[in-house]
$ cat model_37.cif   # mmCIF, C-alpha atoms
data_upload
#
loop_
_atom_site.label_atom_id
_atom_site.label_comp_id
_atom_site.auth_asym_id
_atom_site.auth_seq_id
_atom_site.Cartn_x
_atom_site.Cartn_y
_atom_site.Cartn_z
CA MET X 1243 0.66 -15.90 -20.59
CA LYS X 1244 -2.84 -14.62 -19.79
CA ALA X 1245 -2.88 -11.02 -18.54
CA ILE X 1246 -4.95 -7.87 -18.06
CA TYR X 1247 -3.78 -5.39 -20.68
CA TYR X 1248 -4.67 -1.88 -21.82
CA GLU X 1249 -3.40 0.27 -24.68
CA SER X 1250 -4.84 3.63 -23.58
CA PHE X 1251 -5.74 5.22 -20.28
CA GLU X 1252 -9.36 4.95 -19.09
CA ALA X 1253 -10.14 2.44 -21.86
CA THR X 1254 -11.67 -0.86 -20.76
CA PRO X 1255 -8.79 -3.30 -20.14
CA GLU X 1256 -8.76 -6.61 -22.00
CA ILE X 1257 -7.70 -10.15 -21.13
CA ARG X 1258 -4.92 -10.90 -23.60
CA THR X 1259 -2.52 -13.76 -24.29
CA LEU X 1260 0.92 -12.15 -24.22
CA PRO X 1261 4.51 -13.48 -24.51
CA ASP X 1262 5.86 -15.03 -21.33
CA PRO X 1263 8.53 -12.81 -19.69
CA THR X 1264 12.16 -13.85 -19.39
CA PRO X 1265 14.50 -12.81 -16.57
CA VAL X 1266 17.28 -10.25 -16.96
CA GLU X 1267 20.70 -11.17 -15.55
CA ASP X 1268 19.89 -9.92 -12.04
CA GLY X 1269 16.17 -10.72 -12.16
CA VAL X 1270 13.66 -13.53 -11.86
CA VAL X 1271 10.32 -14.56 -13.30
CA ILE X 1272 7.59 -15.38 -10.80
CA ALA X 1273 4.53 -17.54 -11.41
CA VAL X 1274 1.90 -15.37 -9.72
CA GLY X 1275 -0.06 -17.20 -7.06
CA ALA X 1276 -2.04 -14.17 -5.91
CA THR X 1277 -2.09 -10.43 -6.58
CA GLY X 1278 -4.07 -7.68 -4.87
CA LEU X 1279 -6.15 -4.91 -6.39
CA CYS X 1280 -5.17 -1.49 -5.08
CA ARG X 1281 -6.35 2.07 -5.61
CA SER X 1282 -2.86 2.79 -7.00
CA ASP X 1283 -3.71 0.47 -9.91
CA TRP X 1284 -6.76 2.62 -10.61
CA HIS X 1285 -4.63 5.78 -10.55
CA GLY X 1286 -2.29 4.15 -13.08
CA TRP X 1287 -5.16 3.12 -15.36
CA MET X 1288 -6.51 6.67 -15.21
CA GLY X 1289 -3.17 8.05 -16.45
CA HIS X 1290 -2.13 9.71 -13.19
CA ASP X 1291 1.29 8.02 -13.05
CA PRO X 1292 3.94 9.35 -15.47
CA ASP X 1293 6.03 6.17 -15.08
CA ILE X 1294 3.51 4.08 -17.03
CA LYS X 1295 4.28 3.65 -20.71
CA LEU X 1296 1.57 2.18 -22.90
CA PRO X 1297 0.64 -0.55 -23.61
CA HIS X 1298 0.60 -1.79 -20.06
CA VAL X 1299 -0.09 -4.70 -17.71
CA PRO X 1300 -0.95 -3.43 -14.18
CA GLY X 1301 -0.59 -5.08 -10.78
CA HIS X 1302 1.96 -4.57 -8.00
CA GLU X 1303 0.92 -6.57 -4.91
CA LEU X 1304 2.01 -10.13 -5.54
CA ALA X 1305 3.23 -13.42 -4.21
CA GLY X 1306 4.22 -16.57 -6.02
CA LYS X 1307 7.00 -18.96 -6.94
CA VAL X 1308 10.25 -18.32 -8.79
CA VAL X 1309 10.18 -20.22 -12.09
CA ALA X 1310 13.27 -18.72 -13.77
CA ALA X 1311 16.31 -16.80 -12.52
CA GLY X 1312 19.05 -14.82 -14.23
CA ARG X 1313 22.63 -16.05 -13.85
CA GLY X 1314 23.50 -13.10 -11.61
CA VAL X 1315 20.91 -13.94 -8.93
CA VAL X 1316 22.54 -15.37 -5.80
CA ARG X 1317 20.00 -15.36 -2.94
CA PHE X 1318 17.02 -16.91 -4.72
CA LYS X 1319 16.47 -20.00 -6.82
CA VAL X 1320 13.76 -21.69 -8.87
CA GLY X 1321 11.06 -23.03 -6.56
CA ASP X 1322 11.39 -20.36 -3.85
CA ARG X 1323 8.14 -18.77 -2.67
CA VAL X 1324 8.55 -15.02 -2.61
CA THR X 1325 6.92 -11.62 -2.43
CA VAL X 1326 8.32 -8.20 -3.33
CA PRO X 1327 7.83 -4.61 -2.15
CA PHE X 1328 5.94 -2.58 -4.74
CA VAL X 1329 8.77 -0.01 -4.62
CA SER X 1330 12.03 -1.84 -5.25
CA GLY X 1331 15.55 -0.41 -5.36
CA CYS X 1332 18.35 -0.78 -7.90
CA GLY X 1333 20.76 -1.95 -5.18
CA HIS X 1334 23.60 0.26 -6.40
CA CYS X 1335 22.79 3.92 -5.57
CA ALA X 1336 23.41 5.87 -2.36
CA GLU X 1337 19.82 5.48 -1.17
CA CYS X 1338 19.94 1.70 -1.61
CA HIS X 1339 23.31 1.52 0.13
CA SER X 1340 21.80 3.41 3.07
CA GLY X 1341 18.94 0.88 3.26
CA ASN X 1342 16.32 3.21 1.78
CA GLN X 1343 15.36 1.30 -1.35
CA GLN X 1344 11.82 2.74 -1.12
CA VAL X 1345 13.13 6.12 -2.38
CA CYS X 1346 15.68 4.79 -4.90
CA PRO X 1347 15.89 7.28 -7.81
CA SER X 1348 16.13 4.34 -10.25
CA GLN X 1349 13.44 2.29 -8.54
CA PHE X 1350 11.69 -0.66 -10.14
CA GLN X 1351 7.92 -0.79 -9.66
CA PRO X 1352 6.03 -3.76 -11.11
CA GLY X 1353 2.76 -2.48 -12.50
CA PHE X 1354 4.14 1.04 -13.01
CA THR X 1355 7.69 1.32 -14.36
CA HIS X 1356 7.37 -2.21 -15.76
CA TRP X 1357 4.62 -4.67 -16.60
CA GLY X 1358 2.98 -5.99 -13.48
CA SER X 1359 1.33 -8.95 -11.81
CA PHE X 1360 -2.22 -9.00 -13.22
CA ALA X 1361 -0.89 -11.91 -15.21
CA GLU X 1362 0.17 -15.52 -14.89
CA TYR X 1363 3.85 -14.48 -14.81
CA VAL X 1364 5.76 -11.34 -13.88
CA ALA X 1365 9.44 -10.43 -14.27
CA ILE X 1366 11.14 -8.78 -11.28
CA ASP X 1367 14.51 -7.05 -11.66
CA TYR X 1368 17.16 -6.55 -8.94
CA ALA X 1369 16.02 -9.76 -7.29
CA ASP X 1370 18.72 -10.09 -4.63
CA THR X 1371 17.98 -6.59 -3.33
CA ASN X 1372 14.20 -6.80 -3.37
CA LEU X 1373 12.72 -10.27 -3.07
CA VAL X 1374 11.47 -11.56 0.27
CA HIS X 1375 11.42 -15.26 1.16
CA LEU X 1376 7.98 -16.38 2.34
CA PRO X 1377 7.50 -18.82 5.22
CA GLU X 1378 5.32 -21.81 4.41
CA THR X 1379 2.82 -20.66 7.04
CA VAL X 1380 1.91 -17.59 4.94
CA ASP X 1381 -0.32 -18.37 1.95
CA ASP X 1382 -0.08 -16.48 -1.34
CA ALA X 1383 -3.21 -14.38 -0.84
CA THR X 1384 -2.08 -13.18 2.58
CA ALA X 1385 1.42 -12.47 1.28
CA ALA X 1386 0.04 -10.51 -1.67
CA SER X 1387 -2.02 -8.38 0.71
CA LEU X 1388 1.21 -7.31 2.42
CA GLY X 1389 2.84 -5.95 -0.71
CA CYS X 1390 1.58 -2.39 -0.86
CA ARG X 1391 -1.11 -1.37 1.59
CA PHE X 1392 -0.01 -3.35 4.63
CA ALA X 1393 3.74 -2.82 4.18
CA THR X 1394 3.28 0.88 3.46
CA SER X 1395 1.10 1.21 6.55
CA PHE X 1396 3.65 -0.70 8.62
CA ARG X 1397 6.39 1.73 7.63
CA ALA X 1398 4.06 4.71 8.13
CA VAL X 1399 2.97 3.69 11.63
CA ALA X 1400 6.11 2.01 12.97
CA ASP X 1401 8.99 3.70 11.18
CA GLN X 1402 7.89 7.13 9.95
CA ALA X 1403 5.55 8.12 12.79
CA LYS X 1404 7.42 6.02 15.37
CA THR X 1405 4.12 5.33 17.08
CA ARG X 1406 4.51 4.45 20.74
CA PRO X 1407 2.31 2.46 23.17
CA GLY X 1408 -0.43 4.56 24.70
CA GLU X 1409 -0.40 7.23 21.99
CA TRP X 1410 -3.53 8.28 20.12
CA ILE X 1411 -3.47 7.72 16.36
CA ALA X 1412 -6.21 8.99 14.04
CA VAL X 1413 -6.65 7.09 10.78
CA HIS X 1414 -8.56 8.91 8.05
CA GLY X 1415 -10.08 6.40 5.62
CA CYS X 1416 -10.87 2.75 6.36
CA GLY X 1417 -9.96 1.08 3.10
CA GLY X 1418 -7.11 -1.42 2.93
CA VAL X 1419 -4.45 1.11 3.94
CA GLY X 1420 -6.44 2.50 6.83
CA LEU X 1421 -7.51 -0.85 8.23
CA SER X 1422 -3.91 -2.04 7.99
CA ALA X 1423 -2.72 1.04 9.88
CA ILE X 1424 -5.32 0.47 12.60
CA MET X 1425 -4.33 -3.17 13.01
CA ILE X 1426 -0.62 -2.32 13.18
CA ALA X 1427 -1.11 0.61 15.57
CA SER X 1428 -3.20 -1.57 17.87
CA ALA X 1429 -0.51 -4.27 17.83
CA LEU X 1430 2.03 -1.63 18.86
CA GLY X 1431 -0.12 -0.65 21.84
CA ALA X 1432 -1.48 2.63 20.45
CA ASN X 1433 -5.11 3.81 20.64
CA ALA X 1434 -6.53 4.02 17.12
CA ILE X 1435 -9.44 6.21 16.06
CA ALA X 1436 -11.04 5.16 12.76
CA ILE X 1437 -12.58 7.87 10.56
CA ASP X 1438 -14.71 7.12 7.51
CA ILE X 1439 -18.16 7.83 6.03
CA SER X 1440 -19.23 4.16 6.01
CA ASP X 1441 -20.70 2.62 9.15
CA GLU X 1442 -19.87 -0.83 7.77
CA LYS X 1443 -16.17 0.06 7.41
CA LEU X 1444 -16.13 1.69 10.82
CA ALA X 1445 -17.58 -1.44 12.41
CA PHE X 1446 -14.90 -3.50 10.68
CA ALA X 1447 -12.27 -1.04 11.92
CA ARG X 1448 -13.32 -1.86 15.49
CA GLU X 1449 -12.78 -5.54 14.69
CA CYS X 1450 -9.27 -4.58 13.54
CA GLY X 1451 -8.48 -2.83 16.81
CA ALA X 1452 -9.92 0.70 16.69
CA VAL X 1453 -10.93 1.94 20.15
CA ALA X 1454 -13.16 4.73 18.77
CA THR X 1455 -14.80 5.63 15.47
CA ILE X 1456 -16.00 8.83 13.80
CA ASN X 1457 -18.43 8.95 10.89
CA ALA X 1458 -17.16 12.01 9.01
CA ALA X 1459 -20.54 12.43 7.32
CA GLU X 1460 -22.28 12.87 10.66
CA VAL X 1461 -20.05 15.36 12.50
CA ALA X 1462 -19.65 19.05 11.77
CA ASP X 1463 -15.89 19.11 12.43
CA VAL X 1464 -13.81 15.93 12.22
CA ALA X 1465 -10.71 17.52 13.75
CA GLU X 1466 -12.69 18.79 16.72
CA ALA X 1467 -14.24 15.34 17.19
CA VAL X 1468 -10.76 13.82 17.34
CA ARG X 1469 -9.58 16.45 19.81
CA GLU X 1470 -12.57 15.73 22.03
CA ILE X 1471 -11.92 11.96 22.09
CA THR X 1472 -8.18 12.38 22.70
CA LYS X 1473 -8.47 15.35 25.08
CA GLY X 1474 -6.21 17.58 23.03
CA GLY X 1475 -5.55 15.94 19.67
CA ALA X 1476 -3.89 12.89 18.19
CA HIS X 1477 -0.18 12.24 18.66
CA VAL X 1478 -0.11 10.63 15.21
CA SER X 1479 -2.50 11.00 12.28
CA ILE X 1480 -2.60 9.22 8.95
CA ASP X 1481 -4.33 10.19 5.74
CA ALA X 1482 -4.95 6.72 4.38
CA LEU X 1483 -7.26 7.87 1.58
CA GLY X 1484 -5.46 10.62 -0.32
CA HIS X 1485 -8.00 13.46 -0.59
CA PRO X 1486 -7.66 17.18 0.16
CA THR X 1487 -10.26 16.93 2.93
CA THR X 1488 -8.70 13.95 4.70
CA CYS X 1489 -5.22 15.42 4.34
CA PHE X 1490 -6.35 18.72 5.88
CA ASN X 1491 -8.26 17.03 8.72
CA SER X 1492 -5.36 14.70 9.47
CA ILE X 1493 -3.02 17.63 10.08
CA LYS X 1494 -5.67 19.78 11.77
CA ASN X 1495 -6.55 17.11 14.37
CA LEU X 1496 -2.99 16.81 15.73
CA ARG X 1497 -1.96 17.92 19.19
CA ARG X 1498 1.11 20.11 19.60
CA ARG X 1499 4.25 18.45 18.19
CA GLY X 1500 2.09 15.76 16.59
CA ARG X 1501 3.09 13.75 13.51
CA HIS X 1502 1.12 13.49 10.27
CA VAL X 1503 1.93 10.77 7.74
CA GLN X 1504 0.60 11.00 4.20
CA VAL X 1505 0.03 7.51 2.83
CA GLY X 1506 -2.90 7.98 0.43
CA LEU X 1507 -1.70 9.10 -2.98
CA MET X 1508 -2.36 12.72 -3.92
CA LEU X 1509 -2.39 12.72 -7.71
CA GLY X 1510 -4.21 14.43 -10.54
CA ASP X 1511 -6.50 17.20 -9.30
CA TYR X 1512 -5.49 16.42 -5.69
CA ALA X 1513 -1.74 16.89 -6.15
CA THR X 1514 -1.51 20.22 -4.27
CA PRO X 1515 -3.88 20.12 -1.28
CA GLN X 1516 -4.40 22.97 1.17
CA ILE X 1517 -2.83 22.39 4.59
CA PRO X 1518 -3.10 24.45 7.81
CA MET X 1519 0.47 25.75 7.65
CA ALA X 1520 0.04 28.25 10.51
CA GLN X 1521 -0.71 25.30 12.80
CA VAL X 1522 2.21 23.32 11.41
CA ILE X 1523 4.54 26.20 12.36
CA GLY X 1524 2.98 27.29 15.64
CA HIS X 1525 2.53 23.76 17.03
CA GLU X 1526 5.78 22.39 15.58
CA LEU X 1527 3.99 19.63 13.73
CA GLU X 1528 5.92 17.03 11.75
CA ILE X 1529 4.78 15.94 8.28
CA TYR X 1530 6.03 12.73 6.69
CA GLY X 1531 5.42 10.78 3.53
CA SER X 1532 5.40 7.00 3.39
CA HIS X 1533 6.22 5.31 0.09
CA GLY X 1534 6.38 1.55 0.41
CA MET X 1535 8.76 -0.39 2.63
CA GLN X 1536 12.18 -1.92 2.13
CA ALA X 1537 12.51 -5.69 1.64
CA TRP X 1538 14.84 -5.97 4.63
CA ARG X 1539 12.11 -4.62 6.95
CA TYR X 1540 9.67 -7.38 6.02
CA ASP X 1541 11.17 -9.67 8.67
CA ALA X 1542 9.75 -7.49 11.47
CA MET X 1543 6.31 -7.57 9.89
CA LEU X 1544 6.44 -11.32 9.24
CA ASP X 1545 7.58 -11.91 12.84
CA MET X 1546 4.52 -10.04 14.13
CA LEU X 1547 2.36 -12.10 11.79
CA ALA X 1548 3.90 -15.36 13.06
CA ALA X 1549 3.35 -14.24 16.65
CA GLY X 1550 -0.33 -13.54 15.98
CA LYS X 1551 -0.02 -9.82 16.72
CA ILE X 1552 -1.31 -8.86 13.27
CA ALA X 1553 -3.71 -10.70 10.98
CA PRO X 1554 -3.60 -9.19 7.48
CA GLN X 1555 -5.63 -12.12 6.15
CA LYS X 1556 -8.65 -10.59 7.94
CA LEU X 1557 -8.51 -7.68 5.50
CA ILE X 1558 -9.11 -9.86 2.44
CA GLY X 1559 -12.69 -9.32 1.37
CA ARG X 1560 -12.92 -11.19 -1.94
CA LYS X 1561 -10.84 -13.69 -3.86
CA ILE X 1562 -11.58 -13.19 -7.54
CA SER X 1563 -10.53 -14.32 -11.01
CA LEU X 1564 -8.52 -12.39 -13.57
CA ASP X 1565 -11.70 -11.87 -15.59
CA GLU X 1566 -13.54 -10.46 -12.58
CA ALA X 1567 -10.64 -8.12 -11.91
CA VAL X 1568 -11.30 -6.02 -15.04
CA PRO X 1569 -14.51 -4.34 -13.79
CA ALA X 1570 -13.12 -4.32 -10.25
CA LEU X 1571 -10.07 -2.34 -11.40
CA MET X 1572 -12.20 0.23 -13.21
CA THR X 1573 -14.33 0.95 -10.12
CA LEU X 1574 -11.66 0.96 -7.41
CA ASP X 1575 -12.26 4.65 -6.77
CA LYS X 1576 -15.84 3.78 -5.80
CA ALA X 1577 -15.14 0.51 -4.02
CA GLU X 1578 -17.90 -0.45 -1.61
CA GLY X 1579 -17.88 -2.96 1.19
CA LYS X 1580 -15.11 -3.95 3.54
CA GLY X 1581 -11.80 -5.63 2.82
CA ILE X 1582 -9.60 -5.86 -0.24
CA SER X 1583 -9.90 -7.95 -3.38
CA VAL X 1584 -7.17 -10.43 -4.33
CA ILE X 1585 -6.85 -12.23 -7.66
CA THR X 1586 -6.21 -15.92 -7.01
CA GLN X 1587 -7.59 -17.50 -10.20
CA PHE X 1588 -5.76 -17.06 -13.49
#
$ encode --input "model_37.cif" --output "structure tokens"
Amino acid sequence: MKAIYYESFEATPEIRTLPDPTPVEDGVVIAVGATGLCRSDWHGWMGHDPDIKLPHVPGHELAGKVVAAGRGVVRFKVGDRVTVPFVSGCGHCAECHSGNQQVCPSQFQPGFTHWGSFAEYVAIDYADTNLVHLPETVDDATAASLGCRFATSFRAVADQAKTRPGEWIAVHGCGGVGLSAIMIASALGANAIAIDISDEKLAFARECGAVATINAAEVADVAEAVREITKGGAHVSIDALGHPTTCFNSIKNLRRRGRHVQVGLMLGDYATPQIPMAQVIGHELEIYGSHGMQAWRYDAMLDMLAAGKIAPQKLIGRKISLDEAVPALMTLDKAEGKGISVITQF
């Protein structure tokens, strides 16, 4: 198979011809129809993820067709169109039995714990626990865009924060995660405030449902700007970027008993950010993490998509080739423009 491959961190990845994968007893092999580029892939390439063992093939947001299945797979067969959460459970531990595969201690992560989907084929273990059947109305590129950013944002907004109609939600960072969170919050009836340093991204955030925007480069105090708009602070706030400044502001701009959800990864030099702990205590704030979403929760997201309440396809900025993905991967930390990039040509 043709794949993006690197043998050392921060070295320019190569396009290599590698052996086709074969399924384990409880796994499948998927012919990749589309796979998204995500900032998490950049973190992995930089060496920020201890799960990655070199050499490596990245990629974790994918959709495609099952082309081989192990003899232990029951729920899926060759020819099925599928996607998979980027955090997948083993199906056997206490967390998986409780329905929380996204925090499985033996989790399977294509593109991190195993070779990923920046390739013509990818092997996925624990298929019955983790694969999601795709309706014919959802194309591969749209399905791939759900796999990490959109699904993680869905869990963050709907399940972790339990965002309610009429509440104010501040979203710090208008990349793929942030725009997804804004779209989902708007669909749930909440009032989303988009915060970024790019006027282009802020304008796009309004198209995705934001009712107000803040250019963080043009205000002296982001938290105070949020409090002014909301008349007291946000009920929910999301750090969709993963930076000490956005993390701090996201907590700082909450009203009393507000909920902060950390979605953007805090790795490397950003692993231990400063937070306003006195406010957390005095205002009884709640702080949550959001790490993917379980396969069984995809039905709710797909139902909203079918009903036209969300439109993740609007967030796709570019459809690119595997060759074009090499420089795109290396510059994901400096990504300009709106929307996400999806590999659709192999």
$ closest_residue --input "model_37.cif" --among "X:Arg1281, X:Lys1580, X:His1414, X:Lys1473" --to "X:Glu1442" --atoms "all atoms listed in the file"
X:Lys1580
$ closest_atom_pairs --input "model_37.cif" --of "stretch 1272-1302 of chain X" --to "stretch 1374-1389 of chain X" --cutoff "9 Å" --atoms "only C-alpha atoms" --output "JSON lines"
{"residue": "X:Val1274", "atom": "CA", "partner": "X:Asp1382", "partner_atom": "CA", "distance": 8.7}
{"residue": "X:Gly1275", "atom": "CA", "partner": "X:Asp1382", "partner_atom": "CA", "distance": 5.8}
{"residue": "X:Ala1276", "atom": "CA", "partner": "X:Ala1383", "partner_atom": "CA", "distance": 5.2}
{"residue": "X:Thr1277", "atom": "CA", "partner": "X:Ala1386", "partner_atom": "CA", "distance": 5.4}
{"residue": "X:Gly1278", "atom": "CA", "partner": "X:Ala1386", "partner_atom": "CA", "distance": 5.9}
{"residue": "X:Leu1279", "atom": "CA", "partner": "X:Ser1387", "partner_atom": "CA", "distance": 8.9}
{"residue": "X:His1302", "atom": "CA", "partner": "X:Gly1389", "partner_atom": "CA", "distance": 7.5}
$ resolve_selection --input "model_37.cif" --expression "the PyMOL selection byres ((chain X and resi 1570) around 12)" --output "count of residues only"
31
$ closest_residue --input "model_37.cif" --among "X:His1477, X:Arg1397, X:Ala1459, X:Ala1361" --to "X:Val1413" --atoms "all atoms listed in the file"
X:His1477
$ atom_distance --input "model_37.cif" --atom1 "atom CA of X:Asp1291" --atom2 "atom CA of X:Phe1251"
10.5 Å
$ resolve_selection --input "model_37.cif" --expression "the PyMOL selection byres ((chain X and resi 1480) around 8)" --output "MDAnalysis selection string"
chainID X and resid 1411:1414 1478:1479 1481:1482 1492 1502:1505
$ write_last_selection --input "model_37.cif" --atoms "C-alpha atoms" --output "mmCIF file, in the frame of the given file"
data_model
loop_
_atom_site.group_PDB
_atom_site.id
_atom_site.type_symbol
_atom_site.label_atom_id
_atom_site.label_comp_id
_atom_site.auth_asym_id
_atom_site.auth_seq_id
_atom_site.Cartn_x
_atom_site.Cartn_y
_atom_site.Cartn_z
ATOM 1 C CA ILE X 1411 -3.470 7.720 16.360
ATOM 2 C CA ALA X 1412 -6.210 8.990 14.040
ATOM 3 C CA VAL X 1413 -6.650 7.090 10.780
ATOM 4 C CA HIS X 1414 -8.560 8.910 8.050
ATOM 5 C CA VAL X 1478 -0.110 10.630 15.210
ATOM 6 C CA SER X 1479 -2.500 11.000 12.280
ATOM 7 C CA ASP X 1481 -4.330 10.190 5.740
ATOM 8 C CA ALA X 1482 -4.950 6.720 4.380
ATOM 9 C CA SER X 1492 -5.360 14.700 9.470
ATOM 10 C CA HIS X 1502 1.120 13.490 10.270
ATOM 11 C CA VAL X 1503 1.930 10.770 7.740
ATOM 12 C CA GLN X 1504 0.600 11.000 4.200
ATOM 13 C CA VAL X 1505 0.030 7.510 2.830
#
$ closest_residue --input "model_37.cif" --among "X:Gln1536, X:Leu1304, X:Cys1450, X:His1298" --to "X:His1339" --atoms "all atoms listed in the file"
X:Gln1536
$ resolve_selection --input "model_37.cif" --expression "the PyMOL selection byres ((chain X and resi 1427-1438) around 8)" --output "PyMOL selection string"
chain X and resi 1399-1400+1405-1416+1420+1423-1426+1439-1441+1443-1444+1447-1448+1451-1459+1468+1551-1552
$ residues_around --input "model_37.cif" --residues "stretch 1332-1335 of chain X" --least-positions-apart "2" --cutoff "9 Å" --atoms "all atoms listed in the file" --output "list in words"
Ser1330, Glu1337, Cys1338, His1339, Ser1340, Gln1343, Cys1346, Pro1347, Ser1348, Gln1349, Phe1350, Asp1367, Tyr1368, Asp1370, Thr1371 and Asn1372 of chain X
$ atom_distance --input "model_37.cif" --atom1 "atom CA of X:Lys1244" --atom2 "atom CA of X:Cys1390"
23.0 Å
$ closest_residue --input "model_37.cif" --among "X:Thr1472, X:Asn1342, X:Gly1581, X:Asp1262" --to "X:Ala1445" --atoms "all atoms listed in the file"
X:Gly1581
$ axis_aligned_box --input "model_37.cif" --around "stretch 1531-1547 of chain X" --padding-each-side "8 Å" --output "JSON"
{"center_x": 8.6, "center_y": -0.7, "center_z": 7.1, "size_x": 28.5, "size_y": 38.9, "size_z": 30.0}
